[in-house]
Structure formats: C-alpha cells, structure tokens
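Novice: Could you have a look at this structure, given as structure tokens, before my questions?
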Amino acid sequence: MQLDLNLLSAFDALLEEGSVAGAAARLHVTAPAMSRSLGRIRHTTGDQILVRTGRTMTPTPYAIAVREQVHELLQQVQGVLAPSRELDLATLERTFTLRWHDSLVALCGPALLRAVREEAPGVRLRFLAEASVDTPELRRGEVDLEANATRPGAPDIRAESVGESRLVVVMRQGHPLTRMRTVTAERYAAAEHVTVSRRGNLHDAVDEALAHLGLTRRVVASAPTEAAALEFARGRDLLVCIPEATTRPTVTDLGLVALPLPLDLPSAPIYLSWHQRYDTDRAHLWLRDLARAALAGHTAPS
C-alpha cells in the first residue's frame, strides 16, 4: 500500500473542523480539492468518516475513535520532518498575548512577568481584557494563553486545571452581617448583592443554590470586574461573592471583610488554555510552565 502523507493532514483537518469547507480553509486549499481528499480517505479506510446530518457533517464512530491517534501521528510526522531547534532564552525575541481574567492578571501577572524577565529579557507580554462574548482568538493564533474559570469545549483547545479557590462573601467593615455570630443562608439571602459578570448577568450559580433552599436574593447591580464590584461594596451595605484567593491582596487595603459563603458551592476552578498548534512549540512550553507556576502559587488554599 502506498500512502500519501498529505492525506494525514487532510484527515486531521477534517476531523478537527467537521466540514470540508472548514478543513479546506485551514489547509489553504480549495473545497473541491478537499472533497477529493475526503474521497481518497474514504476509499483507503473503507469508512465514510463524515456523514451529512441536515446542514452539518457528523463524524462516524470510526472517525471519533481515531481522531486523537490521527492528530498524534501528524504531530510525530511534523516533528520528524521539521525538528524543533533548541530554545535559547537569552536571545529569544517574542511577544506573547494572554487573555486572563482581570483578577488573575492583578494577582499572578506580576509574578509571571518577573519570571519571564529574569530568564528571557527579550520576551514581552500583552495582557488583554476578557471580552463580553466568547471569541475565537485562541483558534486564530491571536491569543497564546487564556486563564479563567471556564473550561473550553472545542476539541482543538487544550485546557489544564492549575488551581482553584473557595468562594467567600465580601462586605464593608460595619456591615450588619459582620456583627452576627453566624451568617446563615437566610441572613445572606436577605441582604442586597452585586454580581460580577463581564456579560452583565444578574443571576449566577449562587441564585441556583439559594433556590434549592427555597430562598431568593435581591441583586441590585452587576459589575464587569471584581475590582469594580468591590468598589460598590466599599460604600454601601452590599455583598459580593468572589473567589477567596483574589480577595487576599485587596480586602484589608479597601477596608473590607471576607466571610465564608453559607452555601454548598464548589470552589471556583482556574484553567489555563491554549490551541493545540502550540503543543510542541518550545517557547510556548516554557511560557506555559512559568504561567502554571505563577497561577498555582497564588491560588492554593490559604
């Protein structure tokens, strides 16, 4: 059997994109050329690979079963044909773009920048604010690393859990709840609240937990960042529910108090995400190691 390695690239693109048009755009070929490649793959494997379901294409069970193996084989072939060079951090000139949750930038960004500057002074970091809608910059190569509480669902995006933090309730010193021996769910729900949401949501997982107890709370405002929400809480009797790790550097300085959340909610996760194209990129591997250390070092339980 004579095998065309170009079919391996086409196979990988078809499985990742789930469409002939998407795979063609990814490999910079025409849709008819990709259709011919799909036909050859079908003939070689004896399987349809992708079948039409309405207006979309659905992978067959065989395609789903071999997806990861095909990608790994392609990575191995590319590594053999174009081996990576040794990384010289002292001479590395590169700009990395990072889209991190605002609180993680403030909490962990300085440690990451310090580590980067010590090892590779020619490297620059661009921290971008999170958008109010999901964006495809990771897939397009416009963002190198994301860090937030959301685990991406796309198959071509890698996601690694690097930390977590329990949720706490933040309020001003002198808030009526600070004078109570125990903050119950009922007392918590009876207060006024501010949510943190870059999309402007006035409801979140806290409301679902309260509903299970037959309780509701009054949310009077939403803020796009934790820093903005904490400013609301400084001047009025408002409660803000945020991860405990991100409150440590600011609670005391702002004259605020953090108390345990009287609800059974899981800790807030922190994920580091990147596109699979950077899996074997040596400079990206180096940056991921430093980012992982910076995030884990500041989000461990107190």
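Chain lettering (A, B, ...) mirrors the order of the structure tokens, residue numbering begins at 1 for each chain separately, and ligand numbering begins at 1 in order of display.
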Counting only C-alpha atoms, what is within 12 Å of range 203-220 of chain A, bar same-chain residues fewer than 5 positions away, as a PyMOL selection string?

Specialist: chain A and resi 167-169+184-197+229+232-233+236-242+261-268

Novice: Out of range 25-148 of chain A, which residues get strand (DSSP E) from DSSP, as a list in words?

Specialist: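 So, restricting range 25-148 of chain A to strand (DSSP E), we get Leu50, Val51, Arg52, Thr53, Thr56, Met57, Thr58, Pro59, Arg94, Thr95, Phe96, Thr97, Leu98, Arg99, Trp100, Val123, Arg124, Leu125, Arg126, Phe127, Leu128, Leu145, Glu146, Ala147 and Asn148 of chain A.
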
Novice: Report as a PyMOL selection string all protein, DNA and RNA residues lying within 8 Å of Phe127 in chain A, evaluated on only C-alpha atoms, omitting residues in the same chain fewer than 6 positions from it.

Specialist: chain A and resi 97-100+105

Novice: For Glu93 in chain A, list every protein, DNA or RNA residue within 12 Å, evaluated using only C-alpha atoms, and leave out those in the same chain fewer than 6 positions away; present the list as a ChimeraX atom specification.

Specialist: /A:87,116-117,119-125,283

Novice: So how many Å separate CA of Arg199 in chain A and CA of Glu142 in chain A, to one decimal?

Specialist: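 Computed distance, CA of Arg199 in chain A to CA of Glu142 in chain A, equals 21.8 Å.
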
Novice: If you run DSSP on this backbone, which residues of range 148-257 of chain A come out as helix (DSSP H, G or I), and could you give them as JSON, numbers by chain?

Specialist: {"A": [176, 177, 178, 179, 185, 186, 187, 188, 189, 190, 205, 206, 207, 208, 209, 210, 211, 212, 226, 227, 228, 229, 230, 231, 232, 233, 234, 235, 244, 245, 246, 247]}

Novice: If I take CA of Arg140 in chain A and CA of His275 in chain A, how far is one from the other in Å, to one decimal?

Specialist: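 Computed distance, CA of Arg140 in chain A to CA of His275 in chain A, equals 8.8 Å.
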
Novice: Out of A:Ser103, A:Asn6, A:Thr45, A:Thr56, which residue has the shortest atom-to-atom distance to Gly22 in chain A when counting only C-alpha atoms?

Specialist: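 Closest to Gly22 in chain A of all the choices is A:Thr56.
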
Novice: Which residues come within 12 Å of Gly153 in chain A, counting only C-alpha atoms, excluding same-chain residues fewer than 2 positions away, as a list in words?

Specialist: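 Near neighbours after the sequence-gap exclusion: Asp134, Thr150, Arg151, Pro155, Asp156, Ile157, Arg158, Ala159, Ser273, Trp274 and His275 of chain A.
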
Novice: May I ask for the distance between CA of Leu7 in chain A and CA of Gln48 in chain A, given in Å to one decimal place?

Specialist: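 Atom-to-atom, CA of Leu7 in chain A to CA of Gln48 in chain A, that is 14.7 Å.
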
Novice: Find the residues near Arg26 in chain A: any atom within 10 Å, counting only C-alpha atoms, skip ones fewer than 6 places away on the same chain, and give them as a list in words.

Specialist: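 With the cut-off at 10 Å, the set is Ala10, Ala13, Leu14, Glu16, Glu17 and Val20 of chain A.
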
Novice: I need the residue nearest Leu295 in chain A from this list: A:Gly46, A:Gly54, A:Gly163, A:Gly174. Use only C-alpha atoms for the distance.

Specialist: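 Closest candidate: A:Gly163.
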
Novice: Thr252 in chain A: which residues within 12 Å, counting only C-alpha atoms, same-chain residues fewer than 4 positions away excluded, as number ranges by chain?

Specialist: A: 170-173, 230, 234, 247-248, 256-258
